[in-house]
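S.K.: Could you have a look at this structure, given as structure tokens, before my questions?
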Amino acid sequence: MKNIYQLFNDVVRSSPNKVACICDTKQVSYQQLENDISNLSANLLNLGVKQGDRIAVFCPNSIDFAVILFAAAKIGIAVAPLPISLKGAALKNSIERIDCQGVISWQSVTKKLLDSQFNIPLLVNIGRKVDNQIQLDELIKHQCFSEGIASSVGRFSVDCDFILTLTSGSTGDPKPIVFTQKNKIDRAITATANIYDLSSNDTTLVSTPLYHSLAQRSLILPLLLGGTAIILPKFTVESWIEAIYQHRVSFLFAVSSQLTTLIPHLKTAYDLSSLRCIVSSSAILSNESKVQLMKRLPCKLHECYGASELGVVSDFCVNQVQNKVGSVGKGLPILSVKITDENRVKVDSYQLGEIACRSPTQFKGYFLQPENTKKAYDDDGFFYTGDLGYLDEEGFLFYAGRKKDIIITGGINVYPQDIENVVNTINDIDECVAFGVSDKQFGEVIKLVYTSSVEVDLMSIKKVCLTELTDYQQPRYIEAVDQLPKSSLGKILRQKVREPSTITKTRRAKATTYKRMP
């Protein structure tokens, strides 16, 4: 099987002058991109980088990211893309967990690393020059020869480590997930191109941060197919719409929060006719959002469910199947899904349990954690996601939330999403999160926090909860906040919501204090 660079090079030979990547006003052809990749590859080898090394990468969304990624594929090294915003203990922990031999970093991160006196064998700077550090631009533009290039390309297996992704950027215990080149090829081709019928004729939009796995797939996918990748430096409503119109984008992955934000702006005046397919990920869209998006978008709207370790597990075409409210679709034809109880025994249809999956796109393992990797699987090779859900009699999967997010009140399991789905139907509620807080009598009781752009009558929330939820699902405390902590993808960080210092309380009088339910 050819590795990622060899597949890319096949496209270069067949379509050297075709546009490969566009970012802002910069664009490169396949041949120009290959020239930059070859220069960086040779210069890294001459600097002492060798096959099997690990390089931490702090790079904004740009064509440089594509050059770094494919140069790594060419010489058989692994990269660990990380957010530029990391600092302090989180920065230190991330680099230490990766055990990297070098860092390629944006100027602000370079300065932090130098100030912290990290012991890094190789430090390459991106952007404005910092001290006397090696500049990425110099390595990309300086043509040189390396004996290691000819001997390394094609010699290593596609099963070699290629990308390390951290499951958490926290100061606690970030867990690096290891992906091989084969993992990334399978996810791009088998689990995306083949599922959505993509080809060299497609133009793909990369609209989320490239240190995330789904964005990396959005970049790798067109460059293996011979299409064109449009990279947004940063998501805004205006740049998203303009990129689709100007570059005739036909396919993209989007996080659900992006699509929800876009709804009021998707007017008929915008020409989005080039779109063939949008796939929403990270969280389930509300039914109202789905209706509005189908009215405004001239293409198929899909939702998918997946996990970092597995990739996409299920797909759901919202336009074609509208009688499965709340479903995340059927498992992809390349994999198997089952629901199990706490003893990992398969349960019947409609019975809630943990979602487990066996897939050819599953990760290689947790970096230097063989025991944790082994525990994540059963004897039949199914990976246990830590997510709860159920399958109906037709095989449609319904997601219920994270296993660790269960609220146990008075010995009864309560699922936050059941509460949130009800509260989110209230017109003036923007977003909400339900979670458990300690209680002497019941062990845990339910707290609900929400955001709203207007003052919400607390009794109206109580009334809806009393009408739609059973007694043990009733929130004991309800509180309005100005904003909820989110990831760079716009996903609410549930664990951080529990920390009072991470949410900003509103000053609206009717919702500043906890209210005890009757």
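Letters for chains follow the order of the structure tokens (A, B, ...), residue numbers begin at 1 for each chain, and ligand numbers begin at 1 in the order shown.
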Mind checking DSSP for segment 245-371 of chain A and telling me the strand (DSSP E or B) residues as a ChimeraX atom specification?
M.R.: /A:251-255,277-281,300-307,311-317,327-331,336-340,346,353-358,365-366
S.K.: Which residues are near Asn17 of chain A? Cut-off 12 Å, only C-alpha atoms, ignore same chain within fewer than 4 positions. Put them as a PyMOL selection string.
M.R.: chain A and resi 11-13+21+27-34+226-228
S.K.: Save out the residues we just selected, C-alpha atoms, as a PDB file, in the first residue's frame.
M.R.:
```pdb
ATOM      1  CA  VAL A  11      -1.496  13.587  -8.145  1.00  0.00           C
ATOM      2  CA  VAL A  12       1.452  15.953  -8.629  1.00  0.00           C
ATOM      3  CA  ARG A  13       2.629  13.973 -11.645  1.00  0.00           C
ATOM      4  CA  CYS A  21      -4.470  24.884  -1.769  1.00  0.00           C
ATOM      5  CA  GLN A  27      -2.600  29.826  -3.622  1.00  0.00           C
ATOM      6  CA  VAL A  28      -0.226  27.059  -4.705  1.00  0.00           C
ATOM      7  CA  SER A  29      -0.328  24.493  -7.453  1.00  0.00           C
ATOM      8  CA  TYR A  30       0.405  20.839  -6.811  1.00  0.00           C
ATOM      9  CA  GLN A  31       3.900  21.266  -8.237  1.00  0.00           C
ATOM     10  CA  GLN A  32       4.597  24.335  -6.107  1.00  0.00           C
ATOM     11  CA  LEU A  33       3.337  22.533  -3.016  1.00  0.00           C
ATOM     12  CA  GLU A  34       5.530  19.532  -3.816  1.00  0.00           C
ATOM     13  CA  GLY A 226      -6.484  15.694  -6.723  1.00  0.00           C
ATOM     14  CA  GLY A 227      -9.082  18.250  -5.648  1.00  0.00           C
ATOM     15  CA  THR A 228      -8.579  21.688  -4.135  1.00  0.00           C
TER      16      THR A 228
END
```
S.K.: Excluding segment 187-196 of chain A and residues on its chain fewer than 3 positions from it, collect all residues at most 7 Å away from it, counting only C-alpha atoms, and give them as number ranges by chain.
M.R.: A: 183-184, 217, 220-221, 311, 361
S.K.: With all heavy atoms retained, write the just-selected residues as a PDB file, in the first residue's frame.
M.R.:
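After the write, again29.pdb holds the following:
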```pdb
ATOM      1  N   ASN A 183      -4.200   4.896   8.923  1.00  0.00           N
ATOM      2  CA  ASN A 183      -5.403   5.426   9.565  1.00  0.00           C
ATOM      3  C   ASN A 183      -5.937   6.630   8.807  1.00  0.00           C
ATOM      4  O   ASN A 183      -7.139   6.731   8.520  1.00  0.00           O
ATOM      5  CB  ASN A 183      -5.098   5.874  10.996  1.00  0.00           C
ATOM      6  CG  ASN A 183      -4.884   4.745  11.971  1.00  0.00           C
ATOM      7  OD1 ASN A 183      -4.113   4.879  12.927  1.00  0.00           O
ATOM      8  ND2 ASN A 183      -5.534   3.619  11.762  1.00  0.00           N
ATOM      9  N   LYS A 184      -5.038   7.555   8.493  1.00  0.00           N
ATOM     10  CA  LYS A 184      -5.464   8.795   7.846  1.00  0.00           C
ATOM     11  C   LYS A 184      -5.900   8.562   6.394  1.00  0.00           C
ATOM     12  O   LYS A 184      -6.814   9.227   5.898  1.00  0.00           O
ATOM     13  CB  LYS A 184      -4.342   9.829   7.914  1.00  0.00           C
ATOM     14  CG  LYS A 184      -4.096  10.368   9.330  1.00  0.00           C
ATOM     15  CD  LYS A 184      -5.331  11.060   9.876  1.00  0.00           C
ATOM     16  CE  LYS A 184      -5.109  11.666  11.243  1.00  0.00           C
ATOM     17  NZ  LYS A 184      -6.307  12.360  11.765  1.00  0.00           N
ATOM     18  N   ARG A 217      -8.422  15.836   8.211  1.00  0.00           N
ATOM     19  CA  ARG A 217      -9.006  15.004   7.156  1.00  0.00           C
ATOM     20  C   ARG A 217      -9.506  15.869   6.011  1.00  0.00           C
ATOM     21  O   ARG A 217      -9.355  15.508   4.834  1.00  0.00           O
ATOM     22  CB  ARG A 217     -10.169  14.179   7.711  1.00  0.00           C
ATOM     23  CG  ARG A 217     -10.723  13.203   6.678  1.00  0.00           C
ATOM     24  CD  ARG A 217     -11.986  12.517   7.124  1.00  0.00           C
ATOM     25  NE  ARG A 217     -11.893  11.964   8.467  1.00  0.00           N
ATOM     26  CZ  ARG A 217     -12.791  11.141   8.978  1.00  0.00           C
ATOM     27  NH1 ARG A 217     -13.814  10.762   8.239  1.00  0.00           N
ATOM     28  NH2 ARG A 217     -12.677  10.693  10.205  1.00  0.00           N
ATOM     29  N   ILE A 220      -6.277  16.674   4.073  1.00  0.00           N
ATOM     30  CA  ILE A 220      -5.643  15.533   3.413  1.00  0.00           C
ATOM     31  C   ILE A 220      -6.501  14.997   2.276  1.00  0.00           C
ATOM     32  O   ILE A 220      -5.998  14.656   1.195  1.00  0.00           O
ATOM     33  CB  ILE A 220      -5.358  14.420   4.451  1.00  0.00           C
ATOM     34  CG1 ILE A 220      -4.288  14.879   5.439  1.00  0.00           C
ATOM     35  CG2 ILE A 220      -4.909  13.134   3.756  1.00  0.00           C
ATOM     36  CD1 ILE A 220      -4.105  13.933   6.621  1.00  0.00           C
ATOM     37  N   LEU A 221      -7.801  14.942   2.500  1.00  0.00           N
ATOM     38  CA  LEU A 221      -8.743  14.362   1.543  1.00  0.00           C
ATOM     39  C   LEU A 221      -8.585  14.906   0.125  1.00  0.00           C
ATOM     40  O   LEU A 221      -8.328  14.138  -0.812  1.00  0.00           O
ATOM     41  CB  LEU A 221     -10.169  14.561   2.067  1.00  0.00           C
ATOM     42  CG  LEU A 221     -11.325  14.275   1.117  1.00  0.00           C
ATOM     43  CD1 LEU A 221     -11.422  12.772   0.865  1.00  0.00           C
ATOM     44  CD2 LEU A 221     -12.636  14.784   1.711  1.00  0.00           C
ATOM     45  N   GLY A 311     -12.750   7.725  14.483  1.00  0.00           N
ATOM     46  CA  GLY A 311     -13.163   8.452  13.299  1.00  0.00           C
ATOM     47  C   GLY A 311     -14.685   8.463  13.233  1.00  0.00           C
ATOM     48  O   GLY A 311     -15.378   8.240  14.229  1.00  0.00           O
ATOM     49  N   THR A 361     -10.912   2.029  10.666  1.00  0.00           N
ATOM     50  CA  THR A 361     -10.328   3.372  10.824  1.00  0.00           C
ATOM     51  C   THR A 361      -9.930   3.667  12.267  1.00  0.00           C
ATOM     52  O   THR A 361      -9.579   4.801  12.587  1.00  0.00           O
ATOM     53  CB  THR A 361     -11.318   4.453  10.351  1.00  0.00           C
ATOM     54  OG1 THR A 361     -12.498   4.405  11.158  1.00  0.00           O
ATOM     55  CG2 THR A 361     -11.699   4.254   8.892  1.00  0.00           C
TER      56      THR A 361
END
```
S.K.: I need the residues of segment 175-407 of chain A that end up classed as helix (DSSP H, G or I) by DSSP on the backbone, written out as a PyMOL selection string.
M.R.: chain A and resi 181-196+213-225+237-247+256-265+287-296+370-375+403-405
S.K.: From the options A:Ser199, A:Asn35, A:Pro233, A:Ile120, which residue's atoms come nearest to Cys59 of chain A, counting only C-alpha atoms?
M.R.: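 The closest residue to Cys59 of chain A is A:Pro233.
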S.K.: Using only C-alpha atoms, which residues sit within 10 Å of Val464 of chain A once same-chain residues fewer than 5 positions away are excluded, as a list in words?
M.R.: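 Surrounding residues, per the criterion: Val422, Val423, Thr425, Ile426, Met459 and Leu469 of chain A.
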S.K.: Measuring between only C-alpha atoms, which one of A:Ser200, A:Thr340, A:Gln473, A:Asn424 shows the shortest distance to Thr385 of chain A?
M.R.: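 The closest residue to Thr385 of chain A is A:Thr340.
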S.K.: Compare A:Phe58, A:Ile68, A:Ile104, A:Arg494 by their minimum atom-to-atom distance to Ile84 of chain A, counting only C-alpha atoms, and give me the closest one.
M.R.: A:Phe58
S.K.: Atom CA of Gln369 of chain A and atom CA of Leu493 of chain A are how many Å apart?
M.R.: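 Those two atoms sit 24.9 Å apart.
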S.K.: Taking only C-alpha atoms into account, name the residue in A:Lys447, A:Ile412, A:Leu136, A:Thr204 that is nearest to Pro222 of chain A.
M.R.: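 Using only C-alpha atoms, Pro222 of chain A sits closest to A:Thr204.
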S.K.: Identify, on the basis of only C-alpha atoms, every residue whose closest approach to Val67 of chain A does not exceed 10 Å; exclude the query and any residue fewer than 3 positions from it along the same chain; express the result as a PDB file with N, CA and C atoms, in the first residue's frame.
M.R.:
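Result file part.pdb:
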```
ATOM      1  N   LEU A  33       3.455  23.128  -4.339  1.00  0.00           N
ATOM      2  CA  LEU A  33       3.337  22.533  -3.016  1.00  0.00           C
ATOM      3  C   LEU A  33       4.353  21.417  -2.837  1.00  0.00           C
ATOM      4  N   GLU A  34       4.536  20.617  -3.872  1.00  0.00           N
ATOM      5  CA  GLU A  34       5.530  19.532  -3.816  1.00  0.00           C
ATOM      6  C   GLU A  34       6.947  20.093  -3.673  1.00  0.00           C
ATOM      7  N   ASN A  35       7.244  21.185  -4.348  1.00  0.00           N
ATOM      8  CA  ASN A  35       8.575  21.799  -4.215  1.00  0.00           C
ATOM      9  C   ASN A  35       8.834  22.232  -2.774  1.00  0.00           C
ATOM     10  N   ASP A  36       7.822  22.847  -2.154  1.00  0.00           N
ATOM     11  CA  ASP A  36       7.967  23.299  -0.764  1.00  0.00           C
ATOM     12  C   ASP A  36       8.115  22.111   0.184  1.00  0.00           C
ATOM     13  N   ILE A  37       7.350  21.071  -0.067  1.00  0.00           N
ATOM     14  CA  ILE A  37       7.413  19.860   0.765  1.00  0.00           C
ATOM     15  C   ILE A  37       8.803  19.222   0.670  1.00  0.00           C
ATOM     16  N   SER A  38       9.324  19.142  -0.538  1.00  0.00           N
ATOM     17  CA  SER A  38      10.646  18.532  -0.738  1.00  0.00           C
ATOM     18  C   SER A  38      11.746  19.350  -0.063  1.00  0.00           C
ATOM     19  N   ASN A  39      11.645  20.677  -0.170  1.00  0.00           N
ATOM     20  CA  ASN A  39      12.641  21.530   0.490  1.00  0.00           C
ATOM     21  C   ASN A  39      12.608  21.353   2.004  1.00  0.00           C
ATOM     22  N   LEU A  40      11.413  21.401   2.580  1.00  0.00           N
ATOM     23  CA  LEU A  40      11.302  21.252   4.031  1.00  0.00           C
ATOM     24  C   LEU A  40      11.776  19.871   4.473  1.00  0.00           C
ATOM     25  N   SER A  41      11.419  18.859   3.728  1.00  0.00           N
ATOM     26  CA  SER A  41      11.834  17.490   4.063  1.00  0.00           C
ATOM     27  C   SER A  41      13.356  17.378   4.111  1.00  0.00           C
ATOM     28  N   SER A  62      -3.142  27.448   7.636  1.00  0.00           N
ATOM     29  CA  SER A  62      -2.363  28.063   6.562  1.00  0.00           C
ATOM     30  C   SER A  62      -1.869  26.977   5.620  1.00  0.00           C
ATOM     31  N   ILE A  63      -1.308  27.402   4.496  1.00  0.00           N
ATOM     32  CA  ILE A  63      -0.700  26.445   3.576  1.00  0.00           C
ATOM     33  C   ILE A  63       0.557  25.845   4.200  1.00  0.00           C
ATOM     34  N   ASP A  64       1.217  26.595   5.079  1.00  0.00           N
ATOM     35  CA  ASP A  64       2.385  26.058   5.793  1.00  0.00           C
ATOM     36  C   ASP A  64       2.034  24.765   6.522  1.00  0.00           C
ATOM     37  N   PHE A  70       2.680  17.099   5.017  1.00  0.00           N
ATOM     38  CA  PHE A  70       3.102  16.197   3.944  1.00  0.00           C
ATOM     39  C   PHE A  70       4.614  15.982   3.940  1.00  0.00           C
ATOM     40  N   ALA A  71       5.369  16.931   4.467  1.00  0.00           N
ATOM     41  CA  ALA A  71       6.804  16.704   4.641  1.00  0.00           C
ATOM     42  C   ALA A  71       7.029  15.612   5.677  1.00  0.00           C
ATOM     43  N   ALA A  72       6.239  15.626   6.748  1.00  0.00           N
ATOM     44  CA  ALA A  72       6.324  14.568   7.759  1.00  0.00           C
ATOM     45  C   ALA A  72       5.997  13.216   7.143  1.00  0.00           C
ATOM     46  N   ALA A  73       4.972  13.187   6.288  1.00  0.00           N
ATOM     47  CA  ALA A  73       4.606  11.938   5.629  1.00  0.00           C
ATOM     48  C   ALA A  73       5.727  11.452   4.717  1.00  0.00           C
ATOM     49  N   ILE A 140      11.515  26.142   3.990  1.00  0.00           N
ATOM     50  CA  ILE A 140      10.622  25.835   2.873  1.00  0.00           C
ATOM     51  C   ILE A 140      11.160  26.377   1.561  1.00  0.00           C
TER      52      ILE A 140
END
```
S.K.: Would you mind telling me which residue in A:Thr451, A:Ser85, A:Ser15, A:Asn119 lies nearest to Cys432 of chain A when using only C-alpha atoms?
M.R.: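 Of A:Thr451, A:Ser85, A:Ser15, A:Asn119, the one nearest Cys432 of chain A is A:Thr451, counting only C-alpha atoms.
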S.K.: As a PDB file with N, CA, C and O atoms, in the first residue's frame, please: the residues near Phe235 of chain A (cut-off 12 Å, only C-alpha atoms, same-chain neighbours under 3 positions excluded).
M.R.:
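Output file part_5.pdb follows:
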```pdb
ATOM      1  N   ASN A  61      -3.992  27.927  10.882  1.00  0.00           N
ATOM      2  CA  ASN A  61      -4.522  27.445   9.612  1.00  0.00           C
ATOM      3  C   ASN A  61      -3.848  28.187   8.468  1.00  0.00           C
ATOM      4  O   ASN A  61      -3.963  29.408   8.359  1.00  0.00           O
ATOM      5  N   LEU A 205     -13.756  22.742   1.759  1.00  0.00           N
ATOM      6  CA  LEU A 205     -13.473  23.859   2.661  1.00  0.00           C
ATOM      7  C   LEU A 205     -12.971  23.340   4.002  1.00  0.00           C
ATOM      8  O   LEU A 205     -13.584  22.453   4.603  1.00  0.00           O
ATOM      9  N   VAL A 206     -11.860  23.894   4.474  1.00  0.00           N
ATOM     10  CA  VAL A 206     -11.322  23.585   5.798  1.00  0.00           C
ATOM     11  C   VAL A 206     -11.657  24.784   6.687  1.00  0.00           C
ATOM     12  O   VAL A 206     -11.017  25.833   6.590  1.00  0.00           O
ATOM     13  N   SER A 207     -12.646  24.628   7.563  1.00  0.00           N
ATOM     14  CA  SER A 207     -13.146  25.789   8.303  1.00  0.00           C
ATOM     15  C   SER A 207     -12.976  25.674   9.811  1.00  0.00           C
ATOM     16  O   SER A 207     -13.467  26.518  10.559  1.00  0.00           O
ATOM     17  N   THR A 208     -12.290  24.625  10.265  1.00  0.00           N
ATOM     18  CA  THR A 208     -12.040  24.445  11.698  1.00  0.00           C
ATOM     19  C   THR A 208     -10.531  24.366  11.932  1.00  0.00           C
ATOM     20  O   THR A 208      -9.762  24.150  10.986  1.00  0.00           O
ATOM     21  N   PRO A 209     -10.070  24.551  13.176  1.00  0.00           N
ATOM     22  CA  PRO A 209      -8.624  24.567  13.432  1.00  0.00           C
ATOM     23  C   PRO A 209      -7.941  23.269  13.013  1.00  0.00           C
ATOM     24  O   PRO A 209      -8.414  22.173  13.318  1.00  0.00           O
ATOM     25  N   LEU A 210      -6.805  23.398  12.343  1.00  0.00           N
ATOM     26  CA  LEU A 210      -6.129  22.237  11.772  1.00  0.00           C
ATOM     27  C   LEU A 210      -5.442  21.347  12.799  1.00  0.00           C
ATOM     28  O   LEU A 210      -4.943  20.285  12.449  1.00  0.00           O
ATOM     29  N   ILE A 231      -8.544  26.802   2.650  1.00  0.00           N
ATOM     30  CA  ILE A 231      -8.260  26.863   4.083  1.00  0.00           C
ATOM     31  C   ILE A 231      -8.672  28.227   4.630  1.00  0.00           C
ATOM     32  O   ILE A 231      -8.153  29.256   4.197  1.00  0.00           O
ATOM     33  N   LEU A 232      -9.606  28.216   5.573  1.00  0.00           N
ATOM     34  CA  LEU A 232      -9.955  29.463   6.252  1.00  0.00           C
ATOM     35  C   LEU A 232      -8.981  29.692   7.401  1.00  0.00           C
ATOM     36  O   LEU A 232      -8.847  28.828   8.270  1.00  0.00           O
ATOM     37  N   GLU A 238     -18.892  35.599   7.552  1.00  0.00           N
ATOM     38  CA  GLU A 238     -18.624  36.251   6.265  1.00  0.00           C
ATOM     39  C   GLU A 238     -17.593  35.473   5.445  1.00  0.00           C
ATOM     40  O   GLU A 238     -17.767  35.276   4.236  1.00  0.00           O
ATOM     41  N   SER A 239     -16.499  35.033   6.093  1.00  0.00           N
ATOM     42  CA  SER A 239     -15.450  34.325   5.356  1.00  0.00           C
ATOM     43  C   SER A 239     -15.931  32.963   4.863  1.00  0.00           C
ATOM     44  O   SER A 239     -15.545  32.513   3.787  1.00  0.00           O
ATOM     45  N   TRP A 240     -16.786  32.317   5.640  1.00  0.00           N
ATOM     46  CA  TRP A 240     -17.339  31.013   5.255  1.00  0.00           C
ATOM     47  C   TRP A 240     -18.184  31.150   3.985  1.00  0.00           C
ATOM     48  O   TRP A 240     -18.004  30.417   3.016  1.00  0.00           O
ATOM     49  N   ILE A 241     -19.102  32.097   4.013  1.00  0.00           N
ATOM     50  CA  ILE A 241     -19.987  32.307   2.858  1.00  0.00           C
ATOM     51  C   ILE A 241     -19.192  32.766   1.636  1.00  0.00           C
ATOM     52  O   ILE A 241     -19.399  32.274   0.517  1.00  0.00           O
ATOM     53  N   GLU A 242     -18.250  33.694   1.847  1.00  0.00           N
ATOM     54  CA  GLU A 242     -17.451  34.210   0.739  1.00  0.00           C
ATOM     55  C   GLU A 242     -16.590  33.130   0.117  1.00  0.00           C
ATOM     56  O   GLU A 242     -16.445  33.057  -1.119  1.00  0.00           O
ATOM     57  N   ALA A 243     -16.007  32.256   0.939  1.00  0.00           N
ATOM     58  CA  ALA A 243     -15.149  31.181   0.423  1.00  0.00           C
ATOM     59  C   ALA A 243     -15.943  30.215  -0.452  1.00  0.00           C
ATOM     60  O   ALA A 243     -15.478  29.785  -1.516  1.00  0.00           O
ATOM     61  N   ALA A 254     -18.480  20.545   8.973  1.00  0.00           N
ATOM     62  CA  ALA A 254     -18.690  21.707   9.833  1.00  0.00           C
ATOM     63  C   ALA A 254     -19.069  21.217  11.217  1.00  0.00           C
ATOM     64  O   ALA A 254     -19.655  20.137  11.358  1.00  0.00           O
ATOM     65  N   VAL A 255     -18.720  21.967  12.234  1.00  0.00           N
ATOM     66  CA  VAL A 255     -19.217  21.637  13.565  1.00  0.00           C
ATOM     67  C   VAL A 255     -20.600  22.260  13.700  1.00  0.00           C
ATOM     68  O   VAL A 255     -20.901  23.290  13.084  1.00  0.00           O
ATOM     69  N   SER A 257     -22.107  23.942  15.912  1.00  0.00           N
ATOM     70  CA  SER A 257     -22.204  25.322  16.392  1.00  0.00           C
ATOM     71  C   SER A 257     -21.972  26.324  15.258  1.00  0.00           C
ATOM     72  O   SER A 257     -22.570  27.408  15.242  1.00  0.00           O
ATOM     73  N   GLN A 258     -21.104  25.979  14.299  1.00  0.00           N
ATOM     74  CA  GLN A 258     -20.901  26.861  13.142  1.00  0.00           C
ATOM     75  C   GLN A 258     -22.189  26.983  12.335  1.00  0.00           C
ATOM     76  O   GLN A 258     -22.596  28.082  11.958  1.00  0.00           O
ATOM     77  N   LEU A 259     -22.810  25.845  12.078  1.00  0.00           N
ATOM     78  CA  LEU A 259     -24.023  25.852  11.257  1.00  0.00           C
ATOM     79  C   LEU A 259     -25.151  26.603  11.952  1.00  0.00           C
ATOM     80  O   LEU A 259     -25.915  27.339  11.299  1.00  0.00           O
ATOM     81  N   THR A 261     -24.804  29.079  14.018  1.00  0.00           N
ATOM     82  CA  THR A 261     -24.454  30.498  13.903  1.00  0.00           C
ATOM     83  C   THR A 261     -24.784  31.043  12.515  1.00  0.00           C
ATOM     84  O   THR A 261     -25.167  32.205  12.357  1.00  0.00           O
ATOM     85  N   LEU A 262     -24.640  30.199  11.507  1.00  0.00           N
ATOM     86  CA  LEU A 262     -24.829  30.638  10.124  1.00  0.00           C
ATOM     87  C   LEU A 262     -26.288  30.851   9.740  1.00  0.00           C
ATOM     88  O   LEU A 262     -26.583  31.636   8.838  1.00  0.00           O
ATOM     89  N   SER A 488     -12.265  25.266  20.831  1.00  0.00           N
ATOM     90  CA  SER A 488     -12.080  26.075  19.614  1.00  0.00           C
ATOM     91  C   SER A 488     -13.039  25.669  18.511  1.00  0.00           C
ATOM     92  O   SER A 488     -13.231  26.407  17.546  1.00  0.00           O
ATOM     93  N   LEU A 489     -13.663  24.502  18.638  1.00  0.00           N
ATOM     94  CA  LEU A 489     -14.661  24.063  17.669  1.00  0.00           C
ATOM     95  C   LEU A 489     -16.063  24.529  18.052  1.00  0.00           C
ATOM     96  O   LEU A 489     -17.030  24.220  17.370  1.00  0.00           O
ATOM     97  N   GLY A 490     -16.168  25.248  19.180  1.00  0.00           N
ATOM     98  CA  GLY A 490     -17.464  25.722  19.611  1.00  0.00           C
ATOM     99  C   GLY A 490     -18.242  24.707  20.423  1.00  0.00           C
ATOM    100  O   GLY A 490     -19.432  24.886  20.689  1.00  0.00           O
TER     101      GLY A 490
END
```
S.K.: Just want the 12 Å neighbourhood of Glu309 of chain A, counted on only C-alpha atoms, with same-chain residues fewer than 5 positions away dropped. Output as a ChimeraX atom specification.
M.R.: /A:164-167,175-180,183-184,187,213-214,356-366,373,376-377,382-386
S.K.: Write out, as a PDB file, in the first residue's frame, the residues just selected, with C-alpha atoms.
M.R.:
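In the end it all went to again.pdb:
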```pdb
ATOM      1  CA  LEU A 164      -0.450  12.289  17.624  1.00  0.00           C
ATOM      2  CA  THR A 165      -3.614  13.974  18.840  1.00  0.00           C
ATOM      3  CA  LEU A 166      -4.191  14.881  22.476  1.00  0.00           C
ATOM      4  CA  THR A 167      -7.606  14.018  23.879  1.00  0.00           C
ATOM      5  CA  LYS A 175      -3.841  11.359  26.477  1.00  0.00           C
ATOM      6  CA  PRO A 176      -2.048  11.221  23.089  1.00  0.00           C
ATOM      7  CA  ILE A 177      -3.867   9.197  20.429  1.00  0.00           C
ATOM      8  CA  VAL A 178      -1.581   7.699  17.796  1.00  0.00           C
ATOM      9  CA  PHE A 179      -2.649   7.601  14.149  1.00  0.00           C
ATOM     10  CA  THR A 180      -0.691   5.878  11.419  1.00  0.00           C
ATOM     11  CA  ASN A 183      -5.403   5.426   9.565  1.00  0.00           C
ATOM     12  CA  LYS A 184      -5.464   8.795   7.846  1.00  0.00           C
ATOM     13  CA  ARG A 187     -10.408   7.902   7.065  1.00  0.00           C
ATOM     14  CA  SER A 213      -8.467  15.552  13.468  1.00  0.00           C
ATOM     15  CA  LEU A 214     -11.536  16.353  11.357  1.00  0.00           C
ATOM     16  CA  ALA A 356     -18.873   0.074  21.119  1.00  0.00           C
ATOM     17  CA  CYS A 357     -17.459  -0.098  17.613  1.00  0.00           C
ATOM     18  CA  ARG A 358     -15.094  -2.203  15.522  1.00  0.00           C
ATOM     19  CA  SER A 359     -13.712  -0.236  12.595  1.00  0.00           C
ATOM     20  CA  PRO A 360     -10.844  -0.328  10.093  1.00  0.00           C
ATOM     21  CA  THR A 361     -10.328   3.372  10.824  1.00  0.00           C
ATOM     22  CA  GLN A 362      -9.664   2.929  14.551  1.00  0.00           C
ATOM     23  CA  PHE A 363      -6.502   4.417  16.027  1.00  0.00           C
ATOM     24  CA  LYS A 364      -3.220   2.595  16.627  1.00  0.00           C
ATOM     25  CA  GLY A 365      -3.311   3.134  20.397  1.00  0.00           C
ATOM     26  CA  TYR A 366      -2.613   5.581  23.213  1.00  0.00           C
ATOM     27  CA  THR A 373      -5.219   0.816  24.979  1.00  0.00           C
ATOM     28  CA  ALA A 376     -10.467   0.173  25.701  1.00  0.00           C
ATOM     29  CA  TYR A 377     -11.190  -2.973  23.649  1.00  0.00           C
ATOM     30  CA  PHE A 382     -14.705  -3.526  19.722  1.00  0.00           C
ATOM     31  CA  PHE A 383     -13.564  -0.171  21.053  1.00  0.00           C
ATOM     32  CA  TYR A 384     -15.581   1.215  23.987  1.00  0.00           C
ATOM     33  CA  THR A 385     -16.331   4.875  23.392  1.00  0.00           C
ATOM     34  CA  GLY A 386     -17.532   5.946  26.833  1.00  0.00           C
TER      35      GLY A 386
END
```
S.K.: Report, in Å with one decimal, the straight-line distance from atom CA of Pro485 of chain A to atom CA of Ile429 of chain A.
M.R.: 16.4 Å
S.K.: Could you check the closest approach to Ile408 of chain A for each of A:Gly381, A:Gly436, A:Pro264, A:Gly326 and tell me which residue wins, using only C-alpha atoms?
M.R.: A:Gly436
